[in-house]
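Next comes upload33.txt, with compact mmCIF, C-alpha atoms (C1' of nucleotides) and all ligand atoms.
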# COMPACT_ATOMS: atom_id res chain seq x y z
CA MET R 113 48.00 61.80 251.26
CA PHE R 114 47.83 65.51 250.45
CA SER R 115 49.88 67.19 247.75
CA LYS R 116 52.37 69.86 248.70
CA SER R 117 50.02 72.46 247.23
CA CYS R 118 47.25 71.21 249.45
CA LYS R 119 49.40 71.30 252.55
CA TYR R 120 50.36 74.90 251.82
CA ALA R 121 46.72 75.78 251.28
CA ILE R 122 45.53 74.18 254.51
CA ARG R 123 48.18 75.92 256.53
CA ALA R 124 47.52 79.27 254.89
CA VAL R 125 43.80 79.04 255.51
CA LEU R 126 44.25 78.05 259.14
CA TYR R 127 46.70 80.89 259.57
CA MET R 128 44.23 83.33 258.08
CA ALA R 129 41.48 82.01 260.29
CA TYR R 130 43.01 83.51 263.39
CA LYS R 131 44.93 86.34 261.80
CA THR R 132 42.38 87.99 259.57
CA SER R 133 38.86 89.37 259.40
CA PRO R 134 37.02 91.36 256.72
CA ASP R 135 38.90 94.48 257.77
CA GLN R 136 42.14 92.85 258.87
CA ARG R 137 43.68 91.69 255.64
CA VAL R 138 47.04 90.14 255.12
CA GLY R 139 49.31 90.02 252.07
CA VAL R 140 50.66 86.89 250.40
CA LYS R 141 54.14 87.84 251.42
CA GLU R 142 53.36 87.84 255.12
CA ILE R 143 51.67 84.46 254.93
CA ALA R 144 54.44 82.99 252.81
CA ASP R 145 57.14 84.32 255.11
CA THR R 146 55.39 83.08 258.24
CA LEU R 147 54.74 79.62 256.88
CA ASP R 148 58.08 79.50 255.06
CA VAL R 149 56.47 78.65 251.76
CA PRO R 150 57.25 79.94 248.22
CA GLY R 151 55.38 83.22 247.83
CA PRO R 152 54.36 83.31 244.15
CA PHE R 153 53.30 79.71 244.39
CA LEU R 154 51.15 80.34 247.42
CA ALA R 155 49.63 83.31 245.60
CA LYS R 156 48.37 80.96 242.91
CA LEU R 157 46.80 78.72 245.48
CA LEU R 158 45.11 81.58 247.28
CA GLN R 159 43.77 82.85 243.98
CA GLN R 160 42.31 79.47 243.25
CA LEU R 161 40.70 79.36 246.67
CA THR R 162 39.38 82.87 246.13
CA ARG R 163 37.81 81.94 242.82
CA ASN R 164 36.04 79.12 244.64
CA ASN R 165 34.83 81.37 247.45
CA LEU R 166 36.85 79.69 250.16
CA VAL R 167 39.05 82.72 250.73
CA SER R 168 38.31 86.40 250.21
CA SER R 169 40.50 89.17 248.92
CA VAL R 170 40.58 92.85 248.03
CA LYS R 171 43.05 94.43 245.68
CA GLY R 172 44.88 97.69 245.96
CA PRO R 173 46.64 99.43 248.82
CA ASN R 174 45.82 97.93 252.21
CA GLY R 175 44.26 95.05 250.34
CA GLY R 176 45.09 91.46 250.88
CA PHE R 177 43.56 88.12 251.71
CA PHE R 178 41.20 87.34 254.54
CA LEU R 179 38.46 84.96 255.61
CA SER R 180 34.88 86.15 255.61
CA GLU R 181 32.39 84.79 258.11
CA LYS R 182 31.15 82.45 255.43
CA ASN R 183 34.67 81.35 254.60
CA ARG R 184 35.50 80.36 258.14
CA ASN R 185 32.40 78.24 258.48
CA GLU R 186 33.21 76.02 255.54
CA PRO R 187 34.44 72.54 256.36
CA LEU R 188 38.16 72.20 255.81
CA ARG R 189 37.34 69.48 253.34
CA LYS R 190 36.35 72.08 250.78
CA VAL R 191 39.81 73.57 250.84
CA VAL R 192 41.36 70.18 250.37
CA GLU R 193 39.06 69.26 247.52
CA CYS R 194 39.51 72.65 245.87
CA ILE R 195 43.24 72.06 245.57
CA ASP R 196 43.63 68.30 245.26
CA GLY R 197 40.33 67.60 243.58
CA PRO R 198 37.31 65.69 244.86
CA GLU R 199 39.02 62.36 244.29
CA VAL R 200 41.43 62.63 247.22
CA PHE R 201 39.11 60.85 249.56
CA SER R 202 37.58 58.45 247.11
CA ALA R 203 40.63 57.38 245.11
CA CYS R 204 41.84 53.90 245.89
CA ILE R 205 44.86 53.73 248.16
CA LEU R 206 46.32 51.07 245.90
CA GLY R 207 45.40 52.85 242.70
CA LEU R 208 42.94 50.22 241.54
CA PRO R 209 40.52 51.53 238.96
CA VAL R 210 37.39 50.74 240.92
CA CYS R 211 36.75 50.43 244.60
CA SER R 212 33.59 48.54 245.36
CA SER R 213 32.46 46.52 248.31
CA GLU R 214 32.18 43.49 246.04
CA ASN R 215 35.70 43.80 244.71
CA PRO R 216 37.78 45.60 247.29
CA CYS R 217 41.55 45.82 247.34
CA PRO R 218 43.76 43.82 249.72
CA LEU R 219 44.18 46.63 252.17
CA HIS R 220 40.48 47.35 252.21
CA THR R 221 39.52 46.90 255.81
CA GLN R 222 42.21 48.87 257.54
CA ALA R 223 42.99 51.42 254.87
CA PHE R 224 39.37 52.28 254.42
CA ILE R 225 38.69 52.83 258.09
CA TYR R 226 41.52 55.22 258.51
CA ARG R 227 40.93 57.24 255.41
CA GLU R 228 37.29 57.49 256.34
CA GLY R 229 38.30 58.81 259.72
CA LEU R 230 40.31 61.61 258.23
CA LEU R 231 37.50 62.43 255.85
CA GLN R 232 34.98 62.58 258.70
CA MET R 233 37.18 65.02 260.51
CA VAL R 234 37.83 67.52 257.75
CA GLY R 235 34.29 67.08 256.50
CA LYS R 236 32.67 67.91 259.80
CA LYS R 237 34.91 70.47 261.40
CA THR R 238 34.95 73.93 259.96
CA VAL R 239 38.02 75.98 259.27
CA ALA R 240 37.16 78.13 262.29
CA GLU R 241 36.79 75.14 264.59
CA ILE R 242 40.08 73.62 263.61
CA ALA R 243 41.81 76.97 263.85
CA ALA R 244 40.33 77.42 267.33
CA GLN R 245 41.77 74.08 268.34
CA VAL R 246 45.10 75.26 267.07
CA THR R 247 45.24 78.36 269.23
CA GLN R 248 43.69 76.75 272.28
CA GLU R 249 46.02 73.82 272.36
CA GLY R 250 49.07 75.87 271.58
CA LEU R 251 49.61 74.07 268.31
CA SER R 252 51.28 75.77 265.38
CA VAL R 253 50.65 75.93 261.66
CA MET P 820 49.61 58.32 250.66
CA PHE P 821 51.63 55.86 248.60
CA SER P 822 53.36 56.75 245.34
CA LYS P 823 52.25 55.02 242.18
CA SER P 824 55.48 53.03 242.23
CA CYS P 825 54.68 51.84 245.71
CA LYS P 826 51.16 50.81 244.77
CA TYR P 827 52.49 48.79 241.87
CA ALA P 828 55.05 47.17 244.14
CA ILE P 829 52.52 46.22 246.81
CA ARG P 830 50.19 44.69 244.29
CA ALA P 831 52.99 42.81 242.56
CA VAL P 832 54.26 41.36 245.82
CA LEU P 833 50.81 40.29 246.95
CA TYR P 834 50.24 38.72 243.57
CA MET P 835 53.49 36.83 243.82
CA ALA P 836 52.63 35.69 247.31
CA TYR P 837 49.92 33.38 246.09
CA LYS P 838 51.22 32.73 242.59
CA THR P 839 54.84 31.82 243.15
CA SER P 840 57.21 29.66 245.14
CA PRO P 841 60.95 28.96 244.81
CA ASP P 842 60.24 26.65 241.88
CA GLN P 843 57.20 28.40 240.50
CA ARG P 844 58.59 31.58 239.05
CA VAL P 845 56.79 34.20 237.08
CA GLY P 846 58.06 36.75 234.55
CA VAL P 847 57.61 40.50 234.71
CA LYS P 848 55.39 40.39 231.69
CA GLU P 849 52.84 38.11 233.30
CA ILE P 850 52.67 40.22 236.43
CA ALA P 851 52.47 43.45 234.46
CA ASP P 852 49.73 42.10 232.22
CA THR P 853 47.69 40.73 235.08
CA LEU P 854 47.90 43.91 237.14
CA ASP P 855 47.62 46.13 234.06
CA VAL P 856 50.76 48.02 234.92
CA PRO P 857 53.62 49.25 232.67
CA GLY P 858 56.02 46.33 232.27
CA PRO P 859 59.47 47.92 232.07
CA PHE P 860 58.55 50.19 234.93
CA LEU P 861 57.46 47.31 237.11
CA ALA P 862 60.71 45.52 236.22
CA LYS P 863 62.63 48.37 237.81
CA LEU P 864 60.62 48.13 240.95
CA LEU P 865 61.03 44.37 241.20
CA GLN P 866 64.76 44.76 240.70
CA GLN P 867 64.90 47.24 243.53
CA LEU P 868 62.94 44.88 245.76
CA THR P 869 65.24 42.05 244.76
CA ARG P 870 68.34 44.05 245.64
CA ASN P 871 66.80 44.57 249.07
CA ASN P 872 65.94 40.91 249.55
CA LEU P 873 62.21 41.41 249.57
CA VAL P 874 61.70 39.54 246.32
CA SER P 875 63.78 36.75 244.79
CA SER P 876 64.66 36.10 241.17
CA VAL P 877 66.59 33.79 238.89
CA LYS P 878 67.78 34.73 235.44
CA GLY P 879 67.75 32.71 232.27
CA PRO P 880 65.23 30.36 230.69
CA ASN P 881 62.39 29.43 233.04
CA GLY P 882 63.68 32.10 235.35
CA GLY P 883 61.59 34.85 236.81
CA PHE P 884 60.54 36.42 240.06
CA PHE P 885 59.20 34.66 243.12
CA LEU P 886 58.90 34.97 246.87
CA SER P 887 61.09 32.83 249.08
CA GLU P 888 59.87 31.65 252.46
CA LYS P 889 61.82 34.48 254.03
CA ASN P 890 60.35 36.98 251.59
CA ARG P 891 56.77 36.08 252.39
CA ASN P 892 57.31 36.46 256.11
CA GLU P 893 58.47 40.04 255.91
CA PRO P 894 56.00 42.67 257.02
CA LEU P 895 54.48 44.52 254.08
CA ARG P 896 55.91 47.65 255.57
CA LYS P 897 59.34 46.71 254.28
CA VAL P 898 58.09 46.73 250.73
CA VAL P 899 56.53 50.13 251.21
CA GLU P 900 59.62 51.59 252.79
CA CYS P 901 61.88 50.06 250.17
CA ILE P 902 60.06 51.95 247.43
CA ASP P 903 58.82 55.13 249.08
CA GLY P 904 61.58 55.47 251.64
CA PRO P 905 61.42 55.18 255.42
CA GLU P 906 59.90 58.65 255.74
CA VAL P 907 56.45 57.67 254.46
CA PHE P 908 55.16 56.94 257.91
CA SER P 909 57.04 59.58 259.81
CA ALA P 910 56.74 62.56 257.48
CA CYS P 911 54.27 65.19 258.61
CA ILE P 912 50.91 65.07 256.91
CA LEU P 913 50.98 68.83 256.58
CA GLY P 914 54.60 69.00 255.49
CA LEU P 915 55.80 70.83 258.57
CA PRO P 916 59.53 70.52 259.08
CA VAL P 917 59.33 68.96 262.51
CA CYS P 918 56.64 66.93 264.19
CA SER P 919 56.97 66.84 267.93
CA SER P 920 54.47 66.33 270.69
CA GLU P 921 55.33 69.79 271.98
CA ASN P 922 54.80 71.48 268.66
CA PRO P 923 52.30 69.40 266.71
CA CYS P 924 50.45 70.53 263.60
CA PRO P 925 46.77 71.50 263.55
CA LEU P 926 45.53 68.16 262.33
CA HIS P 927 47.63 66.34 264.87
CA THR P 928 45.08 64.29 266.77
CA GLN P 929 43.08 62.79 263.94
CA ALA P 930 45.73 62.70 261.26
CA PHE P 931 48.17 60.98 263.52
CA ILE P 932 45.75 58.25 264.49
CA TYR P 933 44.93 57.62 260.85
CA ARG P 934 48.47 57.18 259.77
CA GLU P 935 49.42 55.22 262.85
CA GLY P 936 46.68 52.71 262.18
CA LEU P 937 47.88 52.08 258.68
CA LEU P 938 51.42 51.75 259.93
CA GLN P 939 50.37 49.21 262.56
CA MET P 940 48.72 47.12 259.93
CA VAL P 941 51.51 46.96 257.38
CA GLY P 942 54.07 46.76 260.15
CA LYS P 943 52.51 43.77 261.88
CA LYS P 944 51.03 41.70 259.10
CA THR P 945 53.36 39.84 256.82
CA VAL P 946 53.09 39.69 253.08
CA ALA P 947 51.85 36.11 253.39
CA GLU P 948 49.17 37.01 255.92
CA ILE P 949 47.79 39.84 253.84
CA ALA P 950 47.90 37.72 250.72
CA ALA P 951 46.02 34.98 252.56
CA GLN P 952 43.34 37.49 253.49
CA VAL P 953 43.09 38.40 249.86
CA THR P 954 42.38 34.91 248.66
CA GLN P 955 40.15 33.97 251.60
CA GLU P 956 37.93 36.96 251.34
CA GLY P 957 37.76 36.86 247.59
CA LEU P 958 39.46 40.21 247.29
CA SER P 959 41.54 41.11 244.27
CA VAL P 960 44.89 42.78 243.72
C1' DA J 807 79.80 24.60 223.99
C1' DG J 808 76.11 27.33 221.96
C1' DA J 809 71.58 29.25 221.81
C1' DT J 810 68.18 31.31 224.29
C1' DA J 811 65.36 33.29 227.79
C1' DA J 812 64.99 36.01 231.34
C1' DA J 813 66.54 39.52 234.76
C1' DA J 814 69.82 43.58 235.57
C1' DA J 815 71.50 47.85 234.46
C1' DG J 816 71.73 52.18 232.31
C1' DA J 817 70.30 55.91 229.30
C1' DC J 818 66.67 58.36 227.77
C1' DT J 819 61.78 60.51 227.22
C1' DT J 820 57.49 62.13 228.76
C1' DT J 821 54.45 63.86 232.03
C1' DT J 822 53.10 66.05 236.13
C1' DA J 823 54.07 68.84 240.12
C1' DT J 824 56.31 72.62 241.89
C1' DA J 825 58.18 77.17 241.50
C1' DT J 826 59.27 81.78 239.37
C1' DC J 827 58.79 85.82 236.57
C1' DT J 828 56.23 89.39 234.05
C1' DT J 829 52.31 91.93 232.90
C1' DT J 830 47.66 93.47 233.80
C1' DT J 831 43.85 94.90 236.54
C1' DT J 832 41.69 96.85 240.50
C1' DT J 833 41.41 99.46 244.58
C1' DT J 834 42.73 102.95 247.84
C1' DA J 835 45.07 107.09 249.38
C1' DT J 836 46.79 111.40 248.14
C1' DA H 528 43.08 112.63 238.52
C1' DT H 529 47.25 110.33 239.77
C1' DA H 530 50.28 107.23 242.04
C1' DA H 531 50.99 103.29 244.46
C1' DA H 532 49.93 98.85 246.36
C1' DA H 533 48.19 94.69 246.05
C1' DA H 534 45.84 90.73 243.82
C1' DA H 535 44.93 88.35 239.21
C1' DA H 536 46.41 86.32 235.26
C1' DG H 537 49.45 84.36 232.11
C1' DA H 538 53.80 82.70 230.53
C1' DT H 539 57.86 80.37 231.55
C1' DA H 540 61.27 77.44 234.17
C1' DT H 541 62.85 73.62 237.14
C1' DA H 542 62.47 69.37 239.46
C1' DA H 543 60.55 65.05 240.44
C1' DA H 544 57.88 61.11 239.13
C1' DA H 545 56.52 57.97 235.81
C1' DG H 546 57.38 55.44 231.82
C1' DT H 547 60.24 53.53 227.72
C1' DC H 548 64.04 51.70 225.23
C1' DT H 549 68.64 49.54 224.64
C1' DT H 550 72.37 46.90 226.10
C1' DT H 551 74.52 43.66 229.23
C1' DT H 552 74.77 39.80 232.23
C1' DT H 553 73.58 35.26 233.84
C1' DA H 554 71.31 30.98 234.19
C1' DT H 555 69.23 27.05 231.81
C1' DC H 556 68.40 23.84 228.28
C1' DT H 557 69.68 21.29 224.26
S1 LIG R 1001 39.06 50.23 250.39
FE1 LIG R 1001 40.61 49.05 249.37
S2 LIG R 1001 39.85 48.91 247.25
FE2 LIG R 1001 38.76 50.56 248.20
S3 LIG R 1001 39.91 52.39 247.73
FE3 LIG R 1001 40.63 51.69 249.75
S4 LIG R 1001 42.38 50.44 249.28
FE4 LIG R 1001 41.26 50.66 247.33
S1 LIG R 1002 50.81 64.60 264.00
FE1 LIG R 1002 50.38 66.59 263.11
S2 LIG R 1002 52.39 67.63 263.24
FE2 LIG R 1002 52.79 65.49 263.49
S3 LIG R 1002 53.22 64.72 261.44
FE3 LIG R 1002 51.03 64.38 261.79
S4 LIG R 1002 50.08 66.16 260.92
FE4 LIG R 1002 52.24 66.72 261.20

What is this structure when it is put down as structure tokens?
Ligand code: SF4
Ligand code: SF4
Amino acid sequence: MFSKSCKYAIRAVLYMAYKTSPDQRVGVKEIADTLDVPGPFLAKLLQQLTRNNLVSSVKGPNGGFFLSEKNRNEPLRKVVECIDGPEVFSACILGLPVCSSENPCPLHTQAFIYREGLLQMVGKKTVAEIAAQVTQEGLSV
Amino acid sequence: MFSKSCKYAIRAVLYMAYKTSPDQRVGVKEIADTLDVPGPFLAKLLQQLTRNNLVSSVKGPNGGFFLSEKNRNEPLRKVVECIDGPEVFSACILGLPVCSSENPCPLHTQAFIYREGLLQMVGKKTVAEIAAQVTQEGLSV
DNA sequence: AGATAAAAAGACTTTTATATCTTTTTTTAT
DNA sequence: ATAAAAAAAGATATAAAAGTCTTTTTATCT
């Protein structure tokens, strides 16, 4: 479903959601080490998210990445679409060129329902909400 | 979710399900042309499926690929797992190393349901059943 | 038996995704 | 002002996926 890049990005953002604030920044290295993800690669992803205003950063000593109030209230979907592109949730599961109700693919009924379910979830819940669930339920990124 | 290879394979098998029988074979070229898929590449996939007894073939003049009675009664899941490996349905959606109920990932609840639903479907329904749905409902591969 | 048609197998190429390395810019602390 | 720390940007490298091409084998038909 999601690319490796996207998985890294989701995890990093959720991690930042409960680890950072505008004056509690964290460096790429710490995130990468914690999540056990390639550092320079994650840096790229975070930069991309920063350019799209889904993550914030400050340079220089004591700088680092963090989530602003605005950042944490974005639906997680934006992070996903920023990395994997807006097609992730609309692309056909069977790779057919067009998905229409008139000409749907063989797996239509079931595949559609479940993908739609995932979309609903990341589209509705914000980064902060999902991160809250994580800490409350003792889950781990 | 599925690799391109897997999508090609699913479509090819469903196509064969209503186009072929032990004495109605079809060549790679016809399948590839109909599905608009790269021929030599599809050939590889069909060969792999054949080696795993999910598709049947005969060589020589008037030879080609087809589905035996046994082939069409396999759950579609086997085709998927033959191409994408058995991990497709067990691998973590977020790429975490281990997925356990004690230590589940942030998207656990919803993501799990989504994937489980898809698994149920391709695990229960046979190739023939799904193909029948296709023709009945006027869907297209 | 010989010719032929098709799959099977293997080698190879291209493209895309993933990962690393190097240099530059910006900010903060001294 | 200067030094240092960190992100930003760009270039490069590696690996995996997708696609192509060539040769070999096998079945069928005449
Ligand atoms: S509903 Fe069916 S046709 Fe549409 S994108 Fe999903 S799998 Fe493809
Ligand atoms: S349930 Fe959660 S932890 Fe388990 S595989 Fe799915 S996404 Fe990963």

*Within 7 Å of ligand LIG 1002 (chain R), which residues show up when you count all atoms listed in the file? List them as a VMD selection string, please.*
chain P and resid 909 to 915 918 to 919 923 to 928 930 to 931

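The space between CA of Gly957 (chain P) and CA of Lys944 (chain P) spans 18.2 Å.
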
Take chain P, superimpose it onto chain R by least squares using every C-alpha atom paired in sequence order, and output the result as a short mmCIF file (atom, residue, chain, number, x, y, z; two decimals) with C-alpha atoms, in the frame of the given file.
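Wrote it out as selection.cif, contents follow:
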data_model
loop_
_atom_site.label_atom_id
_atom_site.label_comp_id
_atom_site.auth_asym_id
_atom_site.auth_seq_id
_atom_site.Cartn_x
_atom_site.Cartn_y
_atom_site.Cartn_z
CA MET P 820 48.04 61.84 251.27
CA PHE P 821 47.84 65.53 250.46
CA SER P 822 49.88 67.22 247.73
CA LYS P 823 52.36 69.88 248.73
CA SER P 824 50.03 72.49 247.25
CA CYS P 825 47.25 71.23 249.46
CA LYS P 826 49.40 71.32 252.57
CA TYR P 827 50.35 74.90 251.85
CA ALA P 828 46.72 75.79 251.29
CA ILE P 829 45.52 74.19 254.53
CA ARG P 830 48.17 75.93 256.55
CA ALA P 831 47.51 79.28 254.89
CA VAL P 832 43.78 79.05 255.53
CA LEU P 833 44.23 78.07 259.16
CA TYR P 834 46.67 80.91 259.58
CA MET P 835 44.21 83.34 258.09
CA ALA P 836 41.47 82.02 260.31
CA TYR P 837 43.00 83.52 263.41
CA LYS P 838 44.92 86.37 261.80
CA THR P 839 42.36 88.00 259.57
CA SER P 840 38.85 89.39 259.38
CA PRO P 841 37.01 91.39 256.70
CA ASP P 842 38.91 94.51 257.75
CA GLN P 843 42.12 92.88 258.85
CA ARG P 844 43.67 91.71 255.63
CA VAL P 845 47.04 90.15 255.12
CA GLY P 846 49.29 90.01 252.05
CA VAL P 847 50.67 86.90 250.41
CA LYS P 848 54.15 87.86 251.44
CA GLU P 849 53.35 87.86 255.13
CA ILE P 850 51.67 84.48 254.94
CA ALA P 851 54.44 83.01 252.82
CA ASP P 852 57.13 84.32 255.15
CA THR P 853 55.40 83.11 258.27
CA LEU P 854 54.74 79.63 256.92
CA ASP P 855 58.09 79.51 255.12
CA VAL P 856 56.49 78.67 251.82
CA PRO P 857 57.28 79.94 248.28
CA GLY P 858 55.40 83.22 247.85
CA PRO P 859 54.39 83.30 244.19
CA PHE P 860 53.34 79.69 244.43
CA LEU P 861 51.16 80.33 247.45
CA ALA P 862 49.64 83.30 245.60
CA LYS P 863 48.39 80.92 242.94
CA LEU P 864 46.81 78.70 245.50
CA LEU P 865 45.12 81.59 247.29
CA GLN P 866 43.80 82.84 243.97
CA GLN P 867 42.32 79.46 243.25
CA LEU P 868 40.71 79.37 246.69
CA THR P 869 39.39 82.88 246.14
CA ARG P 870 37.83 81.93 242.81
CA ASN P 871 36.05 79.14 244.66
CA ASN P 872 34.84 81.39 247.46
CA LEU P 873 36.85 79.71 250.16
CA VAL P 874 39.06 82.73 250.73
CA SER P 875 38.28 86.41 250.19
CA SER P 876 40.51 89.18 248.89
CA VAL P 877 40.57 92.86 248.02
CA LYS P 878 43.05 94.42 245.65
CA GLY P 879 44.90 97.68 245.94
CA PRO P 880 46.61 99.47 248.81
CA ASN P 881 45.83 97.93 252.19
CA GLY P 882 44.27 95.07 250.32
CA GLY P 883 45.08 91.45 250.87
CA PHE P 884 43.55 88.12 251.71
CA PHE P 885 41.18 87.35 254.54
CA LEU P 886 38.45 84.97 255.60
CA SER P 887 34.86 86.16 255.60
CA GLU P 888 32.38 84.80 258.11
CA LYS P 889 31.12 82.45 255.43
CA ASN P 890 34.65 81.36 254.59
CA ARG P 891 35.49 80.38 258.14
CA ASN P 892 32.39 78.26 258.49
CA GLU P 893 33.19 76.02 255.56
CA PRO P 894 34.44 72.56 256.38
CA LEU P 895 38.17 72.22 255.81
CA ARG P 896 37.34 69.50 253.36
CA LYS P 897 36.34 72.10 250.80
CA VAL P 898 39.80 73.59 250.85
CA VAL P 899 41.36 70.19 250.37
CA GLU P 900 39.06 69.27 247.53
CA CYS P 901 39.50 72.65 245.87
CA ILE P 902 43.23 72.06 245.57
CA ASP P 903 43.62 68.31 245.26
CA GLY P 904 40.33 67.60 243.55
CA PRO P 905 37.30 65.71 244.83
CA GLU P 906 38.98 62.36 244.23
CA VAL P 907 41.39 62.62 247.18
CA PHE P 908 39.03 60.86 249.51
CA SER P 909 37.48 58.45 247.08
CA ALA P 910 40.51 57.34 245.08
CA CYS P 911 41.74 53.86 245.91
CA ILE P 912 44.73 53.72 248.20
CA LEU P 913 46.24 51.04 246.01
CA GLY P 914 45.36 52.75 242.75
CA LEU P 915 42.94 50.09 241.61
CA PRO P 916 40.57 51.33 238.94
CA VAL P 917 37.40 50.59 240.85
CA CYS P 918 36.71 50.31 244.54
CA SER P 919 33.53 48.46 245.32
CA SER P 920 32.40 46.49 248.31
CA GLU P 921 32.13 43.43 246.08
CA ASN P 922 35.62 43.76 244.71
CA PRO P 923 37.71 45.55 247.32
CA CYS P 924 41.49 45.74 247.35
CA PRO P 925 43.70 43.76 249.74
CA LEU P 926 44.14 46.55 252.23
CA HIS P 927 40.45 47.29 252.22
CA THR P 928 39.51 46.95 255.86
CA GLN P 929 42.24 48.95 257.53
CA ALA P 930 43.03 51.38 254.76
CA PHE P 931 39.42 52.31 254.35
CA ILE P 932 38.92 53.04 258.02
CA TYR P 933 42.02 55.22 258.06
CA ARG P 934 40.96 57.36 255.20
CA GLU P 935 37.37 57.52 256.32
CA GLY P 936 38.41 58.86 259.69
CA LEU P 937 40.38 61.66 258.16
CA LEU P 938 37.51 62.45 255.85
CA GLN P 939 35.07 62.60 258.76
CA MET P 940 37.27 65.06 260.52
CA VAL P 941 37.86 67.53 257.72
CA GLY P 942 34.31 67.06 256.52
CA LYS P 943 32.68 67.87 259.84
CA LYS P 944 34.93 70.46 261.42
CA THR P 945 34.95 73.92 259.98
CA VAL P 946 38.01 75.98 259.29
CA ALA P 947 37.15 78.12 262.31
CA GLU P 948 36.78 75.14 264.62
CA ILE P 949 40.09 73.63 263.62
CA ALA P 950 41.80 76.98 263.87
CA ALA P 951 40.33 77.43 267.34
CA GLN P 952 41.79 74.09 268.35
CA VAL P 953 45.11 75.28 267.10
CA THR P 954 45.23 78.36 269.25
CA GLN P 955 43.68 76.71 272.31
CA GLU P 956 46.01 73.80 272.38
CA GLY P 957 49.05 75.86 271.58
CA LEU P 958 49.59 74.04 268.33
CA SER P 959 51.27 75.71 265.38
CA VAL P 960 50.61 75.88 261.66
#

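We find CA of Ser887 (chain P) and CA of Ile850 (chain P) to be spaced 16.9 Å apart.
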
Using all atoms listed in the file, which residues of chain P come within 12 Å of ligand LIG 1001 (chain R), and what is the closest atom pair for each, with the distance in Å to one decimal? Give it as a Markdown table, sorted by chain and residue number.
| residue | atom | partner | partner_atom | distance |
| --- | --- | --- | --- | --- |
| P:Met820 | CA | R:LIG1001 | S4 | 10.8 |
| P:Phe821 | CA | R:LIG1001 | S4 | 10.7 |
| P:Lys826 | CA | R:LIG1001 | S4 | 9.9 |
| P:Ile829 | CA | R:LIG1001 | S4 | 11.3 |
| P:Arg830 | CA | R:LIG1001 | S4 | 10.9 |
| P:Leu937 | CA | R:LIG1001 | S4 | 11.0 |
| P:Val953 | CA | R:LIG1001 | FE1 | 10.9 |
| P:Leu958 | CA | R:LIG1001 | S2 | 8.7 |
| P:Ser959 | CA | R:LIG1001 | S2 | 8.5 |
| P:Val960 | CA | R:LIG1001 | S2 | 8.7 |

* Neighbours of DT551 (chain H) within 10 Å (all atoms listed in the file; same-chain residues fewer than 6 positions away dropped), as a PyMOL selection string? -> chain J and resi 814-816

>> If we count only C-alpha atoms (C1' of nucleotides) and set the cut-off at 10 Å, which residues sit around DA825 (chain J), ignoring sequence neighbours fewer than 2 positions away in its own chain? Please answer as a ChimeraX atom specification.
In response: /R:150-154 /J:823,827 /H:540-542

Keeping C-alpha atoms (C1' of nucleotides), export the residues of the selection given above as a PDB file, in the frame of the given file.
ATOM      1  CA  PRO R 150      57.250  79.940 248.220  1.00  0.00           C
ATOM      2  CA  GLY R 151      55.380  83.220 247.830  1.00  0.00           C
ATOM      3  CA  PRO R 152      54.360  83.310 244.150  1.00  0.00           C
ATOM      4  CA  PHE R 153      53.300  79.710 244.390  1.00  0.00           C
ATOM      5  CA  LEU R 154      51.150  80.340 247.420  1.00  0.00           C
TER       6      LEU R 154
ATOM      7  C1'  DA J 823      54.070  68.840 240.120  1.00  0.00           C
ATOM      8  C1'  DC J 827      58.790  85.820 236.570  1.00  0.00           C
TER       9       DC J 827
ATOM     10  C1'  DA H 540      61.270  77.440 234.170  1.00  0.00           C
ATOM     11  C1'  DT H 541      62.850  73.620 237.140  1.00  0.00           C
ATOM     12  C1'  DA H 542      62.470  69.370 239.460  1.00  0.00           C
TER      13       DA H 542
END

**Request:** For chain J, report every residue with an atom at most 8 Å from chain R (counting only C-alpha atoms (C1' of nucleotides)), formatted as a ChimeraX atom specification.
**Result:** /J:825-826,832-835

With all atoms listed in the file considered, list every residue of chain H at most 9 Å from chain P, as a JSON list (two decimals) with C-alpha atoms (C1' of nucleotides), in the frame of the given file.
[["chain", "number", "residue", "atom", "x", "y", "z"],
["H", 544, "DA", "C1'", 57.88, 61.11, 239.13],
["H", 545, "DA", "C1'", 56.52, 57.97, 235.81],
["H", 546, "DG", "C1'", 57.38, 55.44, 231.82],
["H", 547, "DT", "C1'", 60.24, 53.53, 227.72],
["H", 553, "DT", "C1'", 73.58, 35.26, 233.84],
["H", 554, "DA", "C1'", 71.31, 30.98, 234.19],
["H", 555, "DT", "C1'", 69.23, 27.05, 231.81],
["H", 556, "DC", "C1'", 68.40, 23.84, 228.28]]

Counting all atoms listed in the file, closest pick from R:Asn164, R:Ser133, R:Asn215, R:Thr238 relative to chain P is R:Asn215

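Across P:Ile932, P:Ile902, P:Ala831, P:Leu864, the tightest approach to chain R is made by P:Ile932 when counting only C-alpha atoms.
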
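In this model, the gap between CA of Lys943 (chain P) and CA of Gly846 (chain P) comes to 28.8 Å.
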
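With all atoms listed in the file as the atoms that count, the residue of P:Glu900, P:Glu888, P:Glu893, P:Asp855 with the shortest distance to chain R is P:Asp855.
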
Kindly provide, as a ChimeraX atom specification, the polymer residues lying within 9 Å of (43.9, 90.0, 255.6), counting only C-alpha atoms (C1' of nucleotides) and using the coordinates exactly as they appear in the file. /R:128,131-139,168-170,174-179

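Shortest atom-to-atom contact with chain R among P:Ala951, P:Phe908, P:Gly942, P:Gln929: P:Gln929, counting only C-alpha atoms.
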
Around all the atoms of region 531-538 of chain H listed in the file, with 4 Å of room on each side, what axis-aligned box do you get, giving centre and edge lengths in Å to one decimal, as lines of an AutoDock Vina configuration file?
center_x = 49.4
center_y = 93.0
center_z = 238.4
size_x = 16.9
size_y = 28.6
size_z = 23.8

(Q) Which residues are near DT836 (chain J)? Cut-off 10 Å, only C-alpha atoms (C1' of nucleotides), ignore same chain within fewer than 5 positions. Put them as a ChimeraX atom specification. (A) /H:529-531
